[in-house]
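*Asks:* Got protein.pdb for you, PDB, C-alpha atoms:
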ATOM      1  CA  MET A 186      10.606   4.624   5.347
ATOM      2  CA  SER A 187       9.303   7.874   6.845
ATOM      3  CA  ASP A 188       6.139   9.042   8.535
ATOM      4  CA  ALA A 189       3.485  11.013   6.718
ATOM      5  CA  GLU A 190       2.292  14.485   7.573
ATOM      6  CA  ARG A 191      -1.273  15.230   8.633
ATOM      7  CA  MET A 192      -3.335  17.312   6.296
ATOM      8  CA  ASP A 193      -5.927  20.010   6.653
ATOM      9  CA  GLN A 194      -9.482  19.501   5.535
ATOM     10  CA  ASN A 195     -11.112  21.698   2.900
ATOM     11  CA  PRO A 196     -14.888  21.751   3.582
ATOM     12  CA  ALA A 197     -15.552  22.456  -0.073
ATOM     13  CA  HIS A 198     -14.498  18.930  -0.952
ATOM     14  CA  GLN A 199     -16.508  17.068   1.675
ATOM     15  CA  GLY A 200     -18.699  14.350   0.218
ATOM     16  CA  GLU A 201     -16.854  14.241  -3.094
ATOM     17  CA  GLY A 202     -15.208  10.924  -3.869
ATOM     18  CA  VAL A 203     -12.882   9.645  -1.188
ATOM     19  CA  PRO A 204     -13.544  11.315   2.198
ATOM     20  CA  VAL A 205     -10.745  13.702   3.094
ATOM     21  CA  PRO A 206      -8.777  13.350   6.337
ATOM     22  CA  THR A 207     -10.062  14.981   9.500
ATOM     23  CA  PRO A 208      -8.752  18.403  10.572
ATOM     24  CA  VAL A 209      -5.404  18.649  12.312
ATOM     25  CA  ARG A 210      -7.005  19.655  15.603
ATOM     26  CA  ARG A 211      -9.077  16.529  15.809
ATOM     27  CA  ARG A 212      -7.297  13.634  17.481
ATOM     28  CA  LEU A 213      -6.485  10.776  15.152
ATOM     29  CA  SER A 214      -7.467   7.272  16.174
ATOM     30  CA  ASN A 215      -4.826   5.870  18.497
ATOM     31  CA  TRP A 216      -5.406   2.299  17.360
ATOM     32  CA  PRO A 217      -6.756   2.125  13.806
ATOM     33  CA  PRO A 218      -7.952  -1.506  13.745
ATOM     34  CA  ILE A 219      -6.860  -2.601  10.262
ATOM     35  CA  THR A 220      -3.438  -0.979  10.581
ATOM     36  CA  THR A 221      -2.975  -2.511  14.020
ATOM     37  CA  ALA A 222      -4.038  -5.945  12.755
ATOM     38  CA  ILE A 223      -1.576  -5.826   9.829
ATOM     39  CA  ILE A 224       1.269  -4.850  12.158
ATOM     40  CA  ALA A 225       0.353  -7.659  14.569
ATOM     41  CA  ILE A 226       0.325 -10.208  11.729
ATOM     42  CA  CYS A 227       3.716  -9.048  10.453
ATOM     43  CA  VAL A 228       5.252  -9.204  13.925
ATOM     44  CA  LEU A 229       3.774 -12.657  14.494
ATOM     45  CA  MET A 230       5.135 -13.906  11.186
ATOM     46  CA  ALA A 231       8.564 -12.505  12.072
ATOM     47  CA  VAL A 232       8.526 -14.645  15.218
ATOM     48  CA  VAL A 233       7.281 -17.675  13.284
ATOM     49  CA  GLY A 234       9.973 -17.160  10.648
ATOM     50  CA  ARG A 235      12.610 -16.958  13.345
ATOM     51  CA  VAL A 236      11.499 -20.287  14.790
ATOM     52  CA  GLN A 237      10.830 -21.943  11.450
ATOM     53  CA  PRO A 238      12.870 -20.322   8.625
ATOM     54  CA  GLN A 239      11.247 -22.586   6.022
ATOM     55  CA  VAL A 240       8.150 -20.397   6.292
ATOM     56  CA  GLN A 241      10.002 -17.617   4.500
ATOM     57  CA  VAL A 242      10.874 -19.943   1.638
ATOM     58  CA  GLU A 243       7.307 -21.195   1.273
ATOM     59  CA  LEU A 244       5.619 -17.773   1.390
ATOM     60  CA  MET A 245       8.097 -15.298  -0.167
ATOM     61  CA  PHE A 246       7.499 -13.901  -3.637
ATOM     62  CA  TYR A 247       9.527 -15.918  -6.125
ATOM     63  CA  PRO A 248       8.888 -15.200  -9.829
ATOM     64  CA  PRO A 249       9.372 -18.764 -11.154
ATOM     65  CA  PHE A 250       6.659 -20.062  -8.773
ATOM     66  CA  ALA A 251       4.385 -17.005  -8.743
ATOM     67  CA  LEU A 252       1.813 -18.011 -11.355
ATOM     68  CA  GLU A 253       1.547 -21.572 -10.044
ATOM     69  CA  GLN A 254       1.371 -20.364  -6.428
ATOM     70  CA  PRO A 255      -0.435 -16.988  -6.669
ATOM     71  CA  TYR A 256      -0.809 -16.698  -2.880
ATOM     72  CA  ARG A 257       2.823 -15.536  -2.874
ATOM     73  CA  PHE A 258       1.717 -12.190  -4.317
ATOM     74  CA  LEU A 259       0.152 -11.479  -0.911
ATOM     75  CA  THR A 260       1.950 -13.633   1.634
ATOM     76  CA  SER A 261       5.319 -12.067   0.866
ATOM     77  CA  ALA A 262       3.954  -8.770   2.215
ATOM     78  CA  ILE A 263       3.680 -10.173   5.762
ATOM     79  CA  LEU A 264       7.299 -11.389   5.787
ATOM     80  CA  HIS A 265      10.470  -9.392   6.438
ATOM     81  CA  SER A 266      14.142 -10.139   6.034
ATOM     82  CA  GLY A 267      15.277  -8.945   9.439
ATOM     83  CA  PHE A 268      14.590  -6.854  12.518
ATOM     84  CA  TRP A 269      15.270  -3.425  11.011
ATOM     85  CA  HIS A 270      13.409  -4.226   7.814
ATOM     86  CA  LEU A 271      10.381  -5.033   9.952
ATOM     87  CA  VAL A 272      10.796  -1.980  12.202
ATOM     88  CA  PHE A 273      11.137   0.543   9.384
ATOM     89  CA  ASN A 274       8.171  -0.840   7.444
ATOM     90  CA  MET A 275       5.911  -1.065  10.513
ATOM     91  CA  TYR A 276       6.921   2.450  11.545
ATOM     92  CA  ALA A 277       5.864   3.790   8.141
ATOM     93  CA  LEU A 278       2.676   1.711   8.148
ATOM     94  CA  TRP A 279       1.680   2.986  11.583
ATOM     95  CA  PHE A 280       1.934   6.664  10.699
ATOM     96  CA  LEU A 281       0.402   6.294   7.242
ATOM     97  CA  GLY A 282      -2.369   4.060   8.559
ATOM     98  CA  ARG A 283      -3.344   6.507  11.301
ATOM     99  CA  VAL A 284      -4.081   9.098   8.625
ATOM    100  CA  LEU A 285      -5.386   7.002   5.753
ATOM    101  CA  GLU A 286      -7.521   4.419   7.532
ATOM    102  CA  PRO A 287      -9.908   7.025   9.039
ATOM    103  CA  ALA A 288      -9.842   9.018   5.788
ATOM    104  CA  LEU A 289     -10.583   6.147   3.411
ATOM    105  CA  GLY A 290     -12.566   3.882   5.695
ATOM    106  CA  LYS A 291     -11.723   0.311   6.656
ATOM    107  CA  ILE A 292     -12.837  -1.357   3.407
ATOM    108  CA  ARG A 293     -11.055   1.040   1.092
ATOM    109  CA  PHE A 294      -7.927   1.099   3.236
ATOM    110  CA  THR A 295      -7.738  -2.697   3.361
ATOM    111  CA  THR A 296      -8.349  -2.945  -0.385
ATOM    112  CA  LEU A 297      -5.712  -0.305  -1.093
ATOM    113  CA  TYR A 298      -3.146  -2.101   1.047
ATOM    114  CA  LEU A 299      -3.734  -5.547  -0.448
ATOM    115  CA  VAL A 300      -3.937  -4.436  -4.081
ATOM    116  CA  SER A 301      -0.798  -2.293  -3.677
ATOM    117  CA  ALA A 302       1.044  -5.281  -2.185
ATOM    118  CA  ILE A 303       0.060  -7.340  -5.219
ATOM    119  CA  GLY A 304       1.028  -4.474  -7.513
ATOM    120  CA  GLY A 305       4.509  -4.343  -6.029
ATOM    121  CA  ASN A 306       5.068  -8.022  -6.753
ATOM    122  CA  VAL A 307       3.555  -7.751 -10.216
ATOM    123  CA  ALA A 308       6.149  -5.077 -10.975
ATOM    124  CA  ILE A 309       8.916  -7.376  -9.735
ATOM    125  CA  MET A 310       7.691 -10.099 -12.058
ATOM    126  CA  LEU A 311       7.211  -7.837 -15.071
ATOM    127  CA  LEU A 312      10.661  -6.277 -14.701
ATOM    128  CA  SER A 313      12.541  -9.380 -13.552
ATOM    129  CA  ASN A 314      13.825 -10.316 -16.996
ATOM    130  CA  LEU A 315      15.185  -6.793 -17.465
ATOM    131  CA  THR A 316      16.779  -6.584 -14.017
ATOM    132  CA  GLY A 317      18.075 -10.139 -13.815
ATOM    133  CA  GLN A 318      16.085 -10.749 -10.614
ATOM    134  CA  TRP A 319      14.072 -13.703 -11.943
ATOM    135  CA  ASN A 320      15.620 -16.223  -9.565
ATOM    136  CA  ILE A 321      15.676 -13.966  -6.488
ATOM    137  CA  GLY A 322      12.963 -14.036  -3.825
ATOM    138  CA  ALA A 323      11.411 -10.916  -2.308
ATOM    139  CA  VAL A 324       9.742 -10.225   1.035
ATOM    140  CA  GLY A 325       8.375  -7.159   2.759
ATOM    141  CA  ALA A 326       5.439  -4.784   2.967
ATOM    142  CA  SER A 327       7.212  -2.029   1.028
ATOM    143  CA  GLY A 328       5.024  -2.353  -2.069
ATOM    144  CA  ALA A 329       1.877  -1.954   0.017
ATOM    145  CA  ILE A 330       3.393   0.944   1.980
ATOM    146  CA  PHE A 331       4.366   2.769  -1.202
ATOM    147  CA  GLY A 332       0.771   2.307  -2.304
ATOM    148  CA  LEU A 333      -0.249   4.151   0.867
ATOM    149  CA  PHE A 334       2.267   6.895   0.066
ATOM    150  CA  GLY A 335       0.747   7.236  -3.403
ATOM    151  CA  SER A 336      -2.766   7.371  -2.007
ATOM    152  CA  LEU A 337      -1.783  10.039   0.487
ATOM    153  CA  ALA A 338      -0.232  12.134  -2.281
ATOM    154  CA  VAL A 339      -3.493  11.984  -4.254
ATOM    155  CA  LEU A 340      -5.502  13.019  -1.200
ATOM    156  CA  TYR A 341      -3.094  15.880  -0.483
ATOM    157  CA  LYS A 342      -3.592  17.057  -4.039
ATOM    158  CA  ARG A 343      -7.359  16.708  -3.670
ATOM    159  CA  VAL A 344      -7.510  19.167  -0.763
ATOM    160  CA  ASN A 345      -4.811  21.437  -2.228
ATOM    161  CA  ALA A 346      -2.459  20.675   0.640
ATOM    162  CA  ASN A 347       1.279  21.309   0.396
ATOM    163  CA  LEU A 348       2.773  18.339  -1.461
ATOM    164  CA  SER A 349       6.421  19.206  -0.849
ATOM    165  CA  GLY A 350       6.764  17.081   2.288
ATOM    166  CA  ILE A 351       5.200  13.920   0.886
ATOM    167  CA  LEU A 352       7.036  14.294  -2.431
ATOM    168  CA  THR A 353      10.333  14.693  -0.594
ATOM    169  CA  LEU A 354       9.696  11.522   1.420
ATOM    170  CA  LEU A 355       8.733   9.640  -1.722
ATOM    171  CA  GLY A 356      11.785  10.866  -3.570
ATOM    172  CA  ILE A 357      14.181   9.884  -0.788
ATOM    173  CA  ASN A 358      12.718   6.407  -0.468
ATOM    174  CA  LEU A 359      12.657   5.839  -4.220
ATOM    175  CA  VAL A 360      16.304   6.888  -4.496
ATOM    176  CA  LEU A 361      17.235   4.531  -1.656
ATOM    177  CA  GLY A 362      15.508   1.736  -3.538
ATOM    178  CA  PHE A 363      17.692   2.354  -6.583
ATOM    179  CA  THR A 364      20.975   2.892  -4.735
ATOM    180  CA  VAL A 365      20.977   0.581  -1.699
ATOM    181  CA  PRO A 366      21.660  -3.106  -2.497
ATOM    182  CA  GLY A 367      18.989  -5.597  -1.488
ATOM    183  CA  ILE A 368      16.051  -3.171  -1.748
ATOM    184  CA  SER A 369      13.433  -3.912  -4.387
ATOM    185  CA  TRP A 370      12.817  -0.645  -6.230
ATOM    186  CA  GLU A 371      10.515  -2.569  -8.552
ATOM    187  CA  SER A 372       8.171  -3.307  -5.653
ATOM    188  CA  HIS A 373       8.270   0.317  -4.526
ATOM    189  CA  LEU A 374       7.447   1.558  -8.008
ATOM    190  CA  GLY A 375       4.663  -0.966  -8.590
ATOM    191  CA  GLY A 376       2.979  -0.286  -5.257
ATOM    192  CA  LEU A 377       3.224   3.468  -5.767
ATOM    193  CA  VAL A 378       1.611   3.353  -9.213
ATOM    194  CA  VAL A 379      -1.222   1.127  -7.990
ATOM    195  CA  GLY A 380      -1.872   3.301  -4.924
ATOM    196  CA  ILE A 381      -2.055   6.458  -7.034
ATOM    197  CA  LEU A 382      -4.246   4.864  -9.708
ATOM    198  CA  LEU A 383      -6.670   3.224  -7.284
ATOM    199  CA  THR A 384      -7.205   6.354  -5.182
ATOM    200  CA  TRP A 385      -7.531   8.573  -8.258
ATOM    201  CA  LEU A 386     -10.207   6.285  -9.708
ATOM    202  CA  TRP A 387     -12.059   6.124  -6.394
ATOM    203  CA  ILE A 388     -12.139   9.905  -6.169
ATOM    204  CA  GLY A 389     -13.210  10.389  -9.777
ATOM    205  CA  LEU A 390     -15.968   7.793  -9.742
ATOM    206  CA  GLY A 391     -16.962   8.699  -6.190
ATOM    207  CA  THR A 392     -17.717  12.229  -7.366
ATOM    208  CA  ARG A 393     -20.018  10.864 -10.055
ATOM    209  CA  PHE A 394     -21.890   8.739  -7.505
ATOM    210  CA  ARG A 395     -22.093  11.475  -4.849
ATOM    211  CA  GLY A 396     -25.436  11.377  -3.055
ATOM    212  CA  LYS A 397     -26.294   7.930  -4.429
ATOM    213  CA  ARG A 398     -26.949   4.871  -2.303
ATOM    214  CA  PRO A 399     -23.951   3.932  -0.081
ATOM    215  CA  ASN A 400     -24.171   0.302  -1.156
ATOM    216  CA  LEU A 401     -23.808   1.347  -4.792
ATOM    217  CA  ARG A 402     -20.654   3.283  -3.917
ATOM    218  CA  LYS A 403     -19.211   0.175  -2.266
ATOM    219  CA  VAL A 404     -19.937  -1.892  -5.362
ATOM    220  CA  VAL A 405     -18.196   0.724  -7.511
ATOM    221  CA  ASP A 406     -15.186   0.760  -5.164
ATOM    222  CA  ILE A 407     -14.838  -3.009  -5.314
ATOM    223  CA  GLY A 408     -15.349  -2.974  -9.077
ATOM    224  CA  VAL A 409     -12.508  -0.462  -9.490
ATOM    225  CA  ALA A 410     -10.191  -2.631  -7.408
ATOM    226  CA  LEU A 411     -11.095  -5.706  -9.460
ATOM    227  CA  LEU A 412     -10.498  -3.748 -12.660
ATOM    228  CA  VAL A 413      -6.994  -2.777 -11.490
ATOM    229  CA  LEU A 414      -6.293  -6.402 -10.520
ATOM    230  CA  ALA A 415      -7.534  -7.597 -13.918
ATOM    231  CA  ALA A 416      -5.248  -5.114 -15.654
ATOM    232  CA  MET A 417      -2.242  -6.417 -13.686
ATOM    233  CA  ILE A 418      -3.122 -10.029 -14.512
ATOM    234  CA  GLY A 419      -3.459  -9.089 -18.174
ATOM    235  CA  LEU A 420      -0.013  -7.457 -18.171
ATOM    236  CA  MET A 421       1.556 -10.588 -16.695
ATOM    237  CA  LEU A 422      -0.149 -12.890 -19.164
ATOM    238  CA  ILE A 423       0.857 -10.721 -22.113
TER     239      ILE A 423
END
Would you write the structure of this file as structure tokens?

*Replies:*
Amino acid sequence: MSDAERMDQNPAHQGEGVPVPTPVRRRLSNWPPITTAIIAICVLMAVVGRVQPQVQVELMFYPPFALEQPYRFLTSAILHSGFWHLVFNMYALWFLGRVLEPALGKIRFTTLYLVSAIGGNVAIMLLSNLTGQWNIGAVGASGAIFGLFGSLAVLYKRVNANLSGILTLLGINLVLGFTVPGISWESHLGGLVVGILLTWLWIGLGTRFRGKRPNLRKVVDIGVALLVLAAMIGLMLI
């Protein structure tokens, strides 16, 4: 995983859809609370898993048990397979979270992270028969992190920022997912698609509801997230 670049703010887009990130000269929050909390939970679960390995078995994403134990779609995202897996994912989360959490707001950022994590595991399940991974468990926050990458790419595009850096990072990480054994490219792809779709819908609908009551905007945001979740459930059932 790699860190994300900061982006400049175009005043012409303020108040339209998803708030754009703050200017480069303004200091980013040192401790974005949601990002920090997710990292703390992942580190804690790494310690718990080290002491009690059975935790990994009970909470990892495992396609044959997924529909009967749907909590696995989320709990697998707080588990990691080893020290470096944890370090690389938390490193990426920290730098992406410092940009996206202030830009999106706590509710949107949390929703984006959770729905992208689910999306990554949905992709694993949908593609498992094609890839032969049906009986293989998966852990890690990579699906959620790729959702953050996708969201950042949409926001870069929104403010007409240079996309070359973020696209290069995405390309490298996607290639690694396809070429390095033991990495779930399905999760990366699923999280990325969900992150792009969710942020794009938020921006589009947010523009329509610009100047309306803030509470109405929140309802629309949550409704969009539920719509994306419903679409993923429908794909699995079909």

*Asks:* Residues picked by the PyMOL selection byres ((chain A and resi 262-271) around 10) here, as a VMD selection string?

*Replies:* chain A and resid 186 223 to 231 233 to 235 240 to 241 244 to 246 257 to 261 272 to 276 298 to 299 301 to 303 305 to 306 323 to 330 368

*Asks:* Using all atoms listed in the file, which residue out of A:Leu348, A:Val300, A:Leu374, A:Leu289 lies closest to Phe331 of chain A?

*Replies:*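 Among A:Leu348, A:Val300, A:Leu374, A:Leu289, it is A:Leu374 that comes nearest to Phe331 of chain A.
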
*Asks:* Find, counting all atoms listed in the file, the residue in A:Pro218, A:Gly380, A:Gly389, A:Gly322 that gets nearest to Gly335 of chain A.

*Replies:*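 Of all the options, A:Gly380 lies closest to Gly335 of chain A.
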
*Asks:* Name the residues that the PyMOL selection byres ((chain A and resi 407) around 12) picks from the file above, as a PDB file with C-alpha atoms, keeping the file's coordinate frame, using the file's chain letters and numbers.

*Replies:*
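selection.pdb, freshly written:
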ATOM      1  CA  ILE A 292     -12.837  -1.357   3.407  1.00  0.00           C
ATOM      2  CA  ARG A 293     -11.055   1.040   1.092  1.00  0.00           C
ATOM      3  CA  PHE A 294      -7.927   1.099   3.236  1.00  0.00           C
ATOM      4  CA  THR A 295      -7.738  -2.697   3.361  1.00  0.00           C
ATOM      5  CA  THR A 296      -8.349  -2.945  -0.385  1.00  0.00           C
ATOM      6  CA  LEU A 297      -5.712  -0.305  -1.093  1.00  0.00           C
ATOM      7  CA  VAL A 300      -3.937  -4.436  -4.081  1.00  0.00           C
ATOM      8  CA  LEU A 383      -6.670   3.224  -7.284  1.00  0.00           C
ATOM      9  CA  LEU A 386     -10.207   6.285  -9.708  1.00  0.00           C
ATOM     10  CA  TRP A 387     -12.059   6.124  -6.394  1.00  0.00           C
ATOM     11  CA  LEU A 390     -15.968   7.793  -9.742  1.00  0.00           C
ATOM     12  CA  GLY A 391     -16.962   8.699  -6.190  1.00  0.00           C
ATOM     13  CA  ASN A 400     -24.171   0.302  -1.156  1.00  0.00           C
ATOM     14  CA  LEU A 401     -23.808   1.347  -4.792  1.00  0.00           C
ATOM     15  CA  ARG A 402     -20.654   3.283  -3.917  1.00  0.00           C
ATOM     16  CA  LYS A 403     -19.211   0.175  -2.266  1.00  0.00           C
ATOM     17  CA  VAL A 404     -19.937  -1.892  -5.362  1.00  0.00           C
ATOM     18  CA  VAL A 405     -18.196   0.724  -7.511  1.00  0.00           C
ATOM     19  CA  ASP A 406     -15.186   0.760  -5.164  1.00  0.00           C
ATOM     20  CA  GLY A 408     -15.349  -2.974  -9.077  1.00  0.00           C
ATOM     21  CA  VAL A 409     -12.508  -0.462  -9.490  1.00  0.00           C
ATOM     22  CA  ALA A 410     -10.191  -2.631  -7.408  1.00  0.00           C
ATOM     23  CA  LEU A 411     -11.095  -5.706  -9.460  1.00  0.00           C
ATOM     24  CA  LEU A 412     -10.498  -3.748 -12.660  1.00  0.00           C
ATOM     25  CA  VAL A 413      -6.994  -2.777 -11.490  1.00  0.00           C
ATOM     26  CA  LEU A 414      -6.293  -6.402 -10.520  1.00  0.00           C
TER      27      LEU A 414
END

*Asks:* Check what the PyMOL selection byres ((chain A and resi 283) around 10) selects in the file above and give those residues as a count of residues only.

*Replies:* 21

*Asks:* From the list A:Ile388, A:Val379, A:Glu371, A:Ile357, which residue is nearest Asn314 of chain A when using all atoms listed in the file?

*Replies:*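 Ranking A:Ile388, A:Val379, A:Glu371, A:Ile357 by distance to Asn314 of chain A, first place goes to A:Glu371.
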
*Asks:* When distances are computed from only C-alpha atoms, which of A:Ile381, A:Met310, A:Leu315, A:Leu361 shows the smallest separation from Pro249 of chain A?

*Replies:*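 For Pro249 of chain A, the nearest of the candidates is A:Met310.
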
*Asks:* Where's the centre, and what are the edge lengths in Å to one decimal, of a box along x, y and z enclosing all listed atoms of segment 264-267 of chain A padded 4 Å per side, as lines of an AutoDock Vina configuration file?

*Replies:*
center_x = 11.3
center_y = -10.2
center_z = 7.6
size_x = 16.0
size_y = 10.4
size_z = 11.7

*Asks:* Name all residues at most 8 Å from Ser369 of chain A (count all atoms listed in the file; drop same-chain ones fewer than 5 positions away) and give them as a VMD selection string.

*Replies:* chain A and resid 309 323 362 to 363

*Asks:* If I take atom CA of Val344 of chain A and atom CA of Ala277 of chain A, how far is one from the other in Å, to one decimal?

*Replies:*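 So the two atoms, atom CA of Val344 of chain A and atom CA of Ala277 of chain A, lie 22.2 Å apart.
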
*Asks:* Separation of atom CA of Leu311 of chain A and atom CA of Val378 of chain A, in Å?

*Replies:* 13.8 Å

*Asks:* So how many Å separate atom CA of Leu382 of chain A and atom CA of Pro255 of chain A, to one decimal?

*Replies:*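 Those two atoms sit 22.4 Å apart.
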
*Asks:* Kindly indicate which residue among A:Lys291, A:Val307, A:Val232, A:Phe250 lies nearest to Leu422 of chain A, using all atoms listed in the file for the distances.

*Replies:* A:Val307

*Asks:* Pick out the closest residue to Ala251 of chain A from this set: A:Leu354, A:Met421, A:Val236, A:Leu340. Count all atoms listed in the file.

*Replies:* A:Met421
